[in-house]
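Colleague: If you scroll down you'll find the structure; I have some questions about it.
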Amino acid sequence: MSGNILWKFILTAVIIFWCVMSVTPLQDRPFEDYIVAQVTAHELEFADVLQRAEARVEAGDAPTLFIALRDLGEREGINYAKFFPQINVADIANQNKRNDILLKYILRKAQSQLRLGLDLKGGVGVTLMIDESAQAGLSQFEQAEQLRNAIEIMADRLDGMGVAEPVIRARGDNAIEIQLAGLSTRDNPEVIDSIRAPARLEFRAVHPDLRPDTTPTNRFPVGYEVLAMEVDDRRSGEVYEERLFVELIPKATGEIIGDAFASQNQSGGFQINLEMTSDGAQILRTVTERMVGDPLAIVLDGKLYSAPTIQSVLSSRAQITGSFSQREAIELANVLNNPLAVELRVDEMYEVGPTMARSARESSVNAAKWGATLVVGFMILYYFLGGLVAVISAVINVTIVLGVLASLGATLTLPGVAALLLTLGMGVDANILIFERLREELRAGKSIKNATAGAFEKVTSTIVDANVTTLITATILIWLGTGPVKGFGITLAIGICASIFCALVVTRFLVDFLVYRLGVSKVLGLQIMGEQKIDFFKFRKPAFAASWLLVLAGITSVVMNHDNILGKDFTGGDEMTVNYAERLDTDAILRVVEEQELGDVTVLYQRLIGEDREVLKLQTPFDEARPTLEILQAAFPNAGLEEAGISQIGASISKTIQWNALISVLCALGGILLYVALRFEVGYGVGAVIATIHDVLMTIGIFVLFGQMGILVSGQFTAPMLAAILMIVGYSINDTIVAFDRIREELELNPGMDLRNIINLSINRVFSRTVLTSFTTLLASTSLYIFGAGVINDLAFVFIIGILTGTFSSIFIASPVFYWWHKGDRRHVEERQLTPKRYEWESQKEA
């Protein structure tokens with residue numbers, strides 16, 4: 001046992017260390033303080049350089065210290081690498097490029113690895129216009145399709161993993177608005193350049209004999225253009241241009257590429273590897289067969305990157321070489337994987353303020369703190385030492401989730417904070433399952449050591465089955481999903497894996513340490529709920545009928561009000577630019593919005609880059625911007641609010657994402673049915689799927705029904721609500737599988753008991769776990785509802801309804817459906833299992 005404790009401790013410690021290193025620092029550190037702390041050589045010389053850079057900032061010659069240092073290094077030829085020998089940039093020969101990469105690396109390390117979202121911190125915004133020449137001669141439908149395609153490509157470039165939470169939407173008929181959380185163009189003015197590049201890749205022939213530098217202008221060959229590529233002389237560190245005659249008509253284009261990815265080359269630099277499609281491989285083979293011994297130019301967006309000589313016939317693979325940093329190579333590969341058909345130009349760039357009012361942010365964060373305190377307090381009060389173990393395990397769970405998300409470049413929004421709190425509440429679920437099973441083992445008269453071993457042995461399959469079914473949902477969301485749907489799937493998968501690890505490794509290690517090493521004989525504390533003897537089946541018919549009637553009422557409300565329930569995140573709306581004489585606090589504006597019941601209105605300030613001017617932006621549903629402004633003008637007569645312009649904005653959750661979410665959930669339900677049918681039996685799968693559908697429909701229906709009545713919630717679906725609904729799917733499945741796993745176990749342990757009594761017995765034996773899990777999760781979600789604000793109220797309400805319906809359905813929907821599927825006959829269950837149950841007396845009889 002000591003060996004088991006040791007390896008679990010080491011594994012847990014290593015994972016926690018990695019996650020803490022990934023997520024720190026939790027807040028951005030001032031660049032000027034951080035860079036000084038990183039200097040390990042020539043400190044006095046760097047202090048002088050820093051002083052001169054700060055003087056440039058004070059004089060207005062540079063907007064930030066980062067820009068001042070970069071410009072000073074280029075102007076005076078300063079080699080910054082000598083001040084930071086611990087940072088390896090020796091492979092980059094060109095000094096200016098080396099300085100740029102080094103300073104960007106230090107800037108990135110000074111910033112928090114987990115970005116705060118647009119609602120909490122704001123970020124940078126840009127409006128990109130489609131080049132007018134690209135739309136010439138196109139019909140209105142073709143122009144709309146061109147814009148939609150550009151938006152989808154931008155989403156893939158910026159948020160391929162679905163966890164970065166950018167805002168990407170149409171603006172008018174020929175522009176795209178992008179808002180990126182946690183970034184600043186003041187420190188990195190090139191932040192938008194890589195994402196707007198078309199990424200038109202071409203493979204072109206190079207003139208085999210002539211060179212522009214030695215050819216008179218009147219002798220330039222026809223059909224060629226002059227392109228220059230940068231050549232990095234690694235011996236001298238100098239960068240010079242080599243000009244070549246490159247054919248105008250390409251031999252092949254980027255359409256032949258199936259995948260692009262960055263890797264390190266033999267000299268320590270970075271290159272982009274290209275893998276061709278099957279048709280592309282044939283095209284490249286045909287091209288290179290005729291060009292062995294000749295150079296082939298690789299041109300991206302009109303820039304010549306390299307012109308390697310073809311040594312042998314190429315087919316499925318090629319490389320783009322150049323003086324790339326690792327980050328540049330990764331970004332270029334990402335752009336090549338998502339090429340644009342049109343060129344985009346920057347129309348305006350601006351800094352975006354937080355989209356959520358300060359008071360709403362503070363109250364919602366406080367609500368999360370209260371929720372966490374209540375969950376921790378209850379677990380320790382109820383389970384004593386066991387509760388402390390559960391809390392430590394749940395905290396490690398959240399730490400792992402945050403660490404992995406930070407390593408993926410995720411963005412933490414306020415709804416994300418709420419989801420983490422619910423992860424804490426649901427994270428204790430497996431621990432409650434373990435401790436309630438431990439109580440059963442102790443009631444059977446076992447010693448604490450035997451009871452601990454027995455509890456973990458019996459509960460392992462339940463925990464694995466419950467989480468694997470949810471993991472199937474997450475996997476399908478990742479596989480089929482895009483944007484926030486895929487992002488939720490990734491977050492859910494991380495949470496599930498962390499939950500399994502914490503339950504079966506961390507909790508086991510802590511309990512074993514208490515019992516085997518410290519000799520603790522009493523791990524658990526209070527026992528308010530003993531084993532129940534309730535005839536749940538007596539209420540199954542009226543409960544089943546009443547719940548589906550409520551579902552029907554909710555669906556009716558959704559159908560009748562479908563035009564009013566989707567917020568501007570789903571439908572788009574108007575965005576009005578407002579000039580003002582007196583700057584108003586967003587809290588004051590939103591109070592008026594709430595008092596006048598103006599609905600889904602977003603208020604934020606934007607500062608245009610390069611202008612010392614700030615404007616107020618009002619984002620409303622269609623045709624409601626001007627009425628909203630009139631109400632605000634009446635409420636704040638001295639503020640001098642005046643309309644400066646109005647435009648239409650598209651949906652941030654597009655129709656594609658909406659249908660994608662629906663298809664993903666339906667496929668996930670099919671995957672659950674298949675897994676449960678194979679792992680348990682078909683009747684279990686049918687019950688689980690119907691219960692999940694019931695829970696989702698009831699949650700949506702009640703949310704809309706209450707919203708239309710003006711009670712408790714808005715009833716408006718915003719972007720975070722999509723993740724909330726998907727979370728209900730995961731919670732519902734988890735709860736149902738725990739009940740079904742116990743039914744399967746009791747069928748084996750009680751061969752003489754009929755199916756009705758087996759189901760009743762099973763539900764009674766997991767009832768305390770079900771109630772306690774629901775209670776801890778309700779503590780978290782109720783605190784969010786009571787103390788939170790804005791969209792957090794709606795999220796919390798959905799979670800509360802989802803938790804209650806999930807608890808209800810596992811008892812009164814899933815189990816009765818399973819019972820009716822098998823016509824109340826246990827032998828019907830056993831005959832349809834993959835391995836039918838054979839009892840000892842049957843074997844003896846046949847013998």
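The way I read the labels, and the way they are meant: chains A, B, ... in the order of the structure tokens, residue 1 as the first residue of every chain, and ligand 1 as the first ligand shown, with later ones counted on from there.
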Could the residues of stretch 303-397 of chain A that have an atom at most 6 Å from stretch 599-622 of chain A be listed as CSV, each with its closest atom pair and the distance in Å to one decimal, counting only C-alpha atoms and ordered by chain and ascending residue number?
Modeller:
residue,atom,partner,partner_atom,distance
A:Met349,CA,A:Ile609,CA,5.6
A:Tyr350,CA,A:Leu608,CA,4.1
A:Glu351,CA,A:Arg607,CA,5.1
A:Val352,CA,A:Gln606,CA,4.9
A:Gly353,CA,A:Tyr605,CA,5.4
A:Thr355,CA,A:Leu604,CA,5.4
Colleague: How would the residues just picked look written out with N, CA, C and O atoms as a compact mmCIF listing (two decimals), in the first residue's frame?
Modeller:
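The resulting file, result.txt, is shown below:
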# COMPACT_ATOMS: atom_id res chain seq x y z
N MET A 349 -9.03 50.66 -36.32
CA MET A 349 -8.59 49.85 -35.19
C MET A 349 -8.87 50.63 -33.91
O MET A 349 -8.77 51.85 -33.89
N TYR A 350 -9.22 49.91 -32.86
CA TYR A 350 -9.61 50.59 -31.63
C TYR A 350 -9.39 49.68 -30.43
O TYR A 350 -9.33 48.45 -30.55
N GLU A 351 -9.23 50.32 -29.28
CA GLU A 351 -9.19 49.58 -28.02
C GLU A 351 -10.61 49.46 -27.49
O GLU A 351 -11.39 50.42 -27.54
N VAL A 352 -10.97 48.28 -27.00
CA VAL A 352 -12.32 48.01 -26.51
C VAL A 352 -12.31 47.95 -24.99
O VAL A 352 -11.50 47.24 -24.40
N GLY A 353 -13.22 48.69 -24.37
CA GLY A 353 -13.36 48.61 -22.92
C GLY A 353 -14.15 47.38 -22.53
O GLY A 353 -14.76 46.71 -23.37
N THR A 355 -17.03 44.93 -21.66
CA THR A 355 -18.42 44.98 -22.10
C THR A 355 -19.39 44.81 -20.94
O THR A 355 -20.59 45.02 -21.11
Colleague: DSSP on the backbone, then: every residue of stretch 480-694 of chain A marked helix (DSSP H, G or I), written as a PyMOL selection string.
Modeller: chain A and resi 480+483-517+536-560+568-571+586-595+625-635+655-679+682-694
Colleague: Atom CA of A:Gly572 and atom CA of A:Gly640 are how many Å apart?
Modeller: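 Distance between the two atoms: 27.6 Å.
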Colleague: Quick one: of A:Thr776, A:Tyr819, A:Arg437, A:Asn149, who's nearest to A:Gly377, counting only C-alpha atoms?
Modeller: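 Going through A:Thr776, A:Tyr819, A:Arg437, A:Asn149 one by one, the smallest distance to A:Gly377 is for A:Thr776.
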Colleague: For each of A:Ala444, A:Leu550, A:Cys502, A:Ala260, take the minimum atom-to-atom distance to A:Val335, counting only C-alpha atoms, then give the residue where this is smallest.
Modeller: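 Ranking A:Ala444, A:Leu550, A:Cys502, A:Ala260 by distance to A:Val335, first place goes to A:Ala260.
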Colleague: Could you pull the residues within 12 Å of stretch 212-214 of chain A, counting only C-alpha atoms, minus those fewer than 5 positions along the same chain, as a list in words?
Modeller: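 The filter keeps Val206, His207, Arg219, Phe220, Pro221, Tyr224, Glu225, Val226, Leu227, Ala228, Glu241, Glu242, Arg243, Leu244, Phe245 and Val246 of chain A.
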Colleague: Export N, CA, C and O atoms of the chosen residues as a short mmCIF file (atom, residue, chain, number, x, y, z; two decimals), in the first residue's frame?
Modeller:
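After the write, again_25.cif holds the following:
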data_model
loop_
_atom_site.label_atom_id
_atom_site.label_comp_id
_atom_site.auth_asym_id
_atom_site.auth_seq_id
_atom_site.Cartn_x
_atom_site.Cartn_y
_atom_site.Cartn_z
N VAL A 206 11.49 29.91 -61.66
CA VAL A 206 12.48 30.99 -61.68
C VAL A 206 13.28 30.89 -62.97
O VAL A 206 13.61 29.79 -63.44
N HIS A 207 13.56 32.05 -63.56
CA HIS A 207 14.35 32.03 -64.81
C HIS A 207 15.71 31.37 -64.52
O HIS A 207 16.42 31.77 -63.59
N ARG A 219 16.02 44.30 -71.43
CA ARG A 219 16.19 42.87 -71.75
C ARG A 219 15.45 41.98 -70.76
O ARG A 219 15.65 40.75 -70.77
N PHE A 220 14.63 42.58 -69.90
CA PHE A 220 13.88 41.75 -68.94
C PHE A 220 12.99 40.77 -69.70
O PHE A 220 12.30 41.17 -70.66
N PRO A 221 12.97 39.50 -69.29
CA PRO A 221 12.19 38.50 -70.03
C PRO A 221 10.68 38.73 -69.88
O PRO A 221 10.20 39.16 -68.83
N TYR A 224 7.69 37.35 -66.85
CA TYR A 224 8.33 37.26 -65.53
C TYR A 224 8.17 38.59 -64.80
O TYR A 224 8.00 39.65 -65.42
N GLU A 225 8.24 38.53 -63.47
CA GLU A 225 8.31 39.73 -62.66
C GLU A 225 9.51 39.61 -61.71
O GLU A 225 9.99 38.50 -61.45
N VAL A 226 9.94 40.76 -61.22
CA VAL A 226 11.09 40.75 -60.32
C VAL A 226 10.59 40.68 -58.88
O VAL A 226 9.81 41.53 -58.44
N LEU A 227 11.02 39.66 -58.15
CA LEU A 227 10.71 39.52 -56.74
C LEU A 227 12.01 39.36 -55.96
O LEU A 227 12.98 38.77 -56.47
N ALA A 228 12.01 39.90 -54.75
CA ALA A 228 13.21 39.84 -53.92
C ALA A 228 12.95 38.99 -52.69
O ALA A 228 11.87 39.07 -52.08
N GLU A 241 19.19 41.24 -49.78
CA GLU A 241 18.15 40.85 -50.71
C GLU A 241 18.75 40.20 -51.94
O GLU A 241 19.77 40.66 -52.47
N GLU A 242 18.11 39.15 -52.40
CA GLU A 242 18.48 38.53 -53.68
C GLU A 242 17.27 38.63 -54.60
O GLU A 242 16.18 38.15 -54.26
N ARG A 243 17.46 39.30 -55.73
CA ARG A 243 16.36 39.51 -56.66
C ARG A 243 16.39 38.46 -57.75
O ARG A 243 17.45 38.10 -58.27
N LEU A 244 15.19 37.96 -58.10
CA LEU A 244 15.08 36.90 -59.10
C LEU A 244 13.96 37.24 -60.08
O LEU A 244 13.02 37.97 -59.76
N PHE A 245 14.08 36.70 -61.30
CA PHE A 245 12.97 36.74 -62.25
C PHE A 245 12.06 35.55 -61.95
O PHE A 245 12.49 34.39 -62.04
N VAL A 246 10.82 35.82 -61.62
CA VAL A 246 9.86 34.76 -61.25
C VAL A 246 8.69 34.82 -62.22
O VAL A 246 8.16 35.90 -62.51
#
Colleague: Rank nothing, just name the residue among A:Phe31, A:Gln140, A:Gly60, A:Ala55 nearest to A:Ser112, using only C-alpha atoms.
Modeller: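 Smallest separation from A:Ser112 among the options: A:Phe31.
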Colleague: For the atom pair atom CA of A:Gly554 and atom CA of A:Ile534, what is the interatomic distance in Å to one decimal place?
Modeller: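 Computing it gives 29.9 Å between the two atoms.
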Colleague: Excluding same-chain residues fewer than 3 positions from A:Thr807, what lies within 7 Å of it counting only C-alpha atoms, as number ranges by chain?
Modeller: A: 735, 770, 803-804, 810-811
Colleague: Keeping only C-alpha atoms, write the selected residues as a PDB file, in the first residue's frame.
Modeller:
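Saved as part01.pdb:
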ATOM      1  CA  ASP A 735     -26.740  11.543 -13.046  1.00  0.00           C
ATOM      2  CA  THR A 770     -28.145  12.163  -5.712  1.00  0.00           C
ATOM      3  CA  ILE A 803     -29.815  20.327 -11.856  1.00  0.00           C
ATOM      4  CA  LEU A 804     -33.379  19.864 -10.592  1.00  0.00           C
ATOM      5  CA  SER A 810     -32.926   9.965 -13.304  1.00  0.00           C
ATOM      6  CA  ILE A 811     -35.688   8.804 -10.920  1.00  0.00           C
TER       7      ILE A 811
END
Colleague: Taking the chain letters and numbering used in this document, name the residues of stretch 517-744 of chain A that DSSP puts in strand (DSSP E), as a ChimeraX atom specification.
Modeller: /A:573-579,602-608,614-620,642-649
Colleague: Of the residues A:Arg52, A:Lys109, A:Arg169, A:Arg827, which is the one nearest to A:Gln648, using only C-alpha atoms?
Modeller: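 Looking only at the distances to A:Gln648, the closest residue turns out to be A:Arg169.
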Colleague: Could you work out how far atom CA of A:Ile35 lies from atom CA of A:Ile106, giving the answer in Å with one decimal?
Modeller: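 Atom CA of A:Ile35 lies 6.7 Å from atom CA of A:Ile106.
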Colleague: Which of these, A:Val14, A:Ile813, A:Val292, A:Ile589, has the shortest distance to A:Phe536 once you count only C-alpha atoms?
Modeller: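 Once distances to A:Phe536 are computed over only C-alpha atoms, the minimum belongs to A:Ile813.
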Colleague: Between A:Asn760, A:Tyr80, A:Ile257, A:Leu248, which one has atoms that come closest to A:Gln532, using only C-alpha atoms?
Modeller: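 Under the stated criterion, the closest residue is A:Asn760.
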Colleague: Identify, on the basis of only C-alpha atoms, every residue whose closest approach to stretch 800-802 of chain A does not exceed 10 Å; exclude the query and any residue fewer than 2 positions from it along the same chain; express the result as a PDB file with N, CA and C atoms, in the first residue's frame.
Modeller:
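Heads up, here's the output in around.pdb:
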ATOM      1  N   ASP A 695     -34.593  16.619 -20.181  1.00  0.00           N
ATOM      2  CA  ASP A 695     -33.960  17.651 -19.361  1.00  0.00           C
ATOM      3  C   ASP A 695     -33.648  18.909 -20.170  1.00  0.00           C
ATOM      4  N   VAL A 696     -33.134  18.727 -21.389  1.00  0.00           N
ATOM      5  CA  VAL A 696     -32.800  19.887 -22.230  1.00  0.00           C
ATOM      6  C   VAL A 696     -34.062  20.655 -22.609  1.00  0.00           C
ATOM      7  N   LEU A 697     -35.103  19.919 -23.048  1.00  0.00           N
ATOM      8  CA  LEU A 697     -36.348  20.575 -23.452  1.00  0.00           C
ATOM      9  C   LEU A 697     -37.016  21.277 -22.273  1.00  0.00           C
ATOM     10  N   MET A 698     -37.012  20.638 -21.106  1.00  0.00           N
ATOM     11  CA  MET A 698     -37.648  21.260 -19.942  1.00  0.00           C
ATOM     12  C   MET A 698     -36.870  22.511 -19.506  1.00  0.00           C
ATOM     13  N   THR A 699     -35.555  22.432 -19.515  1.00  0.00           N
ATOM     14  CA  THR A 699     -34.755  23.591 -19.108  1.00  0.00           C
ATOM     15  C   THR A 699     -34.995  24.773 -20.038  1.00  0.00           C
ATOM     16  N   ILE A 700     -34.937  24.522 -21.353  1.00  0.00           N
ATOM     17  CA  ILE A 700     -35.179  25.596 -22.321  1.00  0.00           C
ATOM     18  C   ILE A 700     -36.596  26.130 -22.181  1.00  0.00           C
ATOM     19  N   ILE A 702     -38.748  26.058 -19.581  1.00  0.00           N
ATOM     20  CA  ILE A 702     -38.986  26.836 -18.349  1.00  0.00           C
ATOM     21  C   ILE A 702     -38.290  28.185 -18.426  1.00  0.00           C
ATOM     22  N   PHE A 703     -37.088  28.210 -18.990  1.00  0.00           N
ATOM     23  CA  PHE A 703     -36.354  29.470 -19.132  1.00  0.00           C
ATOM     24  C   PHE A 703     -37.149  30.472 -19.980  1.00  0.00           C
ATOM     25  N   ALA A 724     -24.288  26.820 -21.647  1.00  0.00           N
ATOM     26  CA  ALA A 724     -25.087  26.396 -20.490  1.00  0.00           C
ATOM     27  C   ALA A 724     -25.967  25.206 -20.847  1.00  0.00           C
ATOM     28  N   ILE A 725     -26.614  25.259 -22.016  1.00  0.00           N
ATOM     29  CA  ILE A 725     -27.471  24.151 -22.459  1.00  0.00           C
ATOM     30  C   ILE A 725     -26.640  22.889 -22.669  1.00  0.00           C
ATOM     31  N   MET A 727     -23.948  22.136 -21.158  1.00  0.00           N
ATOM     32  CA  MET A 727     -23.522  21.651 -19.838  1.00  0.00           C
ATOM     33  C   MET A 727     -24.628  20.812 -19.202  1.00  0.00           C
ATOM     34  N   ILE A 728     -25.875  21.187 -19.439  1.00  0.00           N
ATOM     35  CA  ILE A 728     -27.011  20.425 -18.905  1.00  0.00           C
ATOM     36  C   ILE A 728     -27.005  19.011 -19.479  1.00  0.00           C
ATOM     37  N   VAL A 729     -26.643  18.888 -20.759  1.00  0.00           N
ATOM     38  CA  VAL A 729     -26.559  17.559 -21.386  1.00  0.00           C
ATOM     39  C   VAL A 729     -25.591  16.678 -20.599  1.00  0.00           C
ATOM     40  N   TYR A 731     -24.475  17.040 -17.464  1.00  0.00           N
ATOM     41  CA  TYR A 731     -24.925  16.782 -16.090  1.00  0.00           C
ATOM     42  C   TYR A 731     -26.014  15.705 -16.070  1.00  0.00           C
ATOM     43  N   SER A 732     -26.961  15.796 -17.001  1.00  0.00           N
ATOM     44  CA  SER A 732     -28.080  14.852 -17.038  1.00  0.00           C
ATOM     45  C   SER A 732     -27.599  13.424 -17.258  1.00  0.00           C
ATOM     46  N   SER A 774     -26.725  17.106  -5.890  1.00  0.00           N
ATOM     47  CA  SER A 774     -27.582  18.196  -6.358  1.00  0.00           C
ATOM     48  C   SER A 774     -27.498  19.383  -5.414  1.00  0.00           C
ATOM     49  N   THR A 777     -24.147  21.345  -5.872  1.00  0.00           N
ATOM     50  CA  THR A 777     -24.162  22.097  -7.127  1.00  0.00           C
ATOM     51  C   THR A 777     -25.171  23.230  -7.068  1.00  0.00           C
ATOM     52  N   LEU A 778     -26.286  22.994  -6.384  1.00  0.00           N
ATOM     53  CA  LEU A 778     -27.284  24.052  -6.207  1.00  0.00           C
ATOM     54  C   LEU A 778     -26.756  25.184  -5.336  1.00  0.00           C
ATOM     55  N   LEU A 779     -25.927  24.855  -4.342  1.00  0.00           N
ATOM     56  CA  LEU A 779     -25.314  25.906  -3.527  1.00  0.00           C
ATOM     57  C   LEU A 779     -24.523  26.871  -4.411  1.00  0.00           C
ATOM     58  N   ALA A 780     -23.753  26.290  -5.333  1.00  0.00           N
ATOM     59  CA  ALA A 780     -22.937  27.119  -6.220  1.00  0.00           C
ATOM     60  C   ALA A 780     -23.800  27.942  -7.166  1.00  0.00           C
ATOM     61  N   SER A 781     -24.755  27.297  -7.827  1.00  0.00           N
ATOM     62  CA  SER A 781     -25.558  27.997  -8.830  1.00  0.00           C
ATOM     63  C   SER A 781     -26.525  28.995  -8.194  1.00  0.00           C
ATOM     64  N   THR A 782     -27.068  28.671  -7.006  1.00  0.00           N
ATOM     65  CA  THR A 782     -27.988  29.598  -6.344  1.00  0.00           C
ATOM     66  C   THR A 782     -27.264  30.862  -5.888  1.00  0.00           C
ATOM     67  N   LEU A 784     -24.731  32.156  -7.367  1.00  0.00           N
ATOM     68  CA  LEU A 784     -24.530  32.924  -8.592  1.00  0.00           C
ATOM     69  C   LEU A 784     -25.802  33.683  -8.973  1.00  0.00           C
ATOM     70  N   TYR A 785     -26.950  33.026  -8.780  1.00  0.00           N
ATOM     71  CA  TYR A 785     -28.208  33.679  -9.149  1.00  0.00           C
ATOM     72  C   TYR A 785     -28.534  34.837  -8.203  1.00  0.00           C
ATOM     73  N   ASP A 794     -29.020  34.681 -15.735  1.00  0.00           N
ATOM     74  CA  ASP A 794     -29.637  33.733 -16.669  1.00  0.00           C
ATOM     75  C   ASP A 794     -28.912  32.397 -16.666  1.00  0.00           C
ATOM     76  N   LEU A 795     -27.578  32.440 -16.672  1.00  0.00           N
ATOM     77  CA  LEU A 795     -26.799  31.196 -16.630  1.00  0.00           C
ATOM     78  C   LEU A 795     -27.117  30.396 -15.376  1.00  0.00           C
ATOM     79  N   ALA A 796     -27.130  31.088 -14.229  1.00  0.00           N
ATOM     80  CA  ALA A 796     -27.381  30.410 -12.954  1.00  0.00           C
ATOM     81  C   ALA A 796     -28.779  29.807 -12.934  1.00  0.00           C
ATOM     82  N   PHE A 797     -29.761  30.528 -13.466  1.00  0.00           N
ATOM     83  CA  PHE A 797     -31.132  30.002 -13.505  1.00  0.00           C
ATOM     84  C   PHE A 797     -31.194  28.729 -14.341  1.00  0.00           C
ATOM     85  N   VAL A 798     -30.531  28.739 -15.490  1.00  0.00           N
ATOM     86  CA  VAL A 798     -30.499  27.543 -16.350  1.00  0.00           C
ATOM     87  C   VAL A 798     -29.839  26.381 -15.618  1.00  0.00           C
ATOM     88  N   LEU A 804     -32.125  20.424 -11.130  1.00  0.00           N
ATOM     89  CA  LEU A 804     -33.379  19.864 -10.592  1.00  0.00           C
ATOM     90  C   LEU A 804     -33.993  18.864 -11.563  1.00  0.00           C
ATOM     91  N   THR A 805     -34.018  19.216 -12.842  1.00  0.00           N
ATOM     92  CA  THR A 805     -34.606  18.287 -13.818  1.00  0.00           C
ATOM     93  C   THR A 805     -33.742  17.052 -13.990  1.00  0.00           C
ATOM     94  N   GLY A 806     -32.394  17.219 -13.914  1.00  0.00           N
ATOM     95  CA  GLY A 806     -31.510  16.055 -14.018  1.00  0.00           C
ATOM     96  C   GLY A 806     -31.719  15.080 -12.881  1.00  0.00           C
ATOM     97  N   THR A 807     -31.904  15.611 -11.665  1.00  0.00           N
ATOM     98  CA  THR A 807     -32.185  14.758 -10.500  1.00  0.00           C
ATOM     99  C   THR A 807     -33.537  14.077 -10.658  1.00  0.00           C
ATOM    100  N   PHE A 808     -34.525  14.856 -11.080  1.00  0.00           N
ATOM    101  CA  PHE A 808     -35.878  14.327 -11.257  1.00  0.00           C
ATOM    102  C   PHE A 808     -35.913  13.238 -12.330  1.00  0.00           C
TER     103      PHE A 808
END
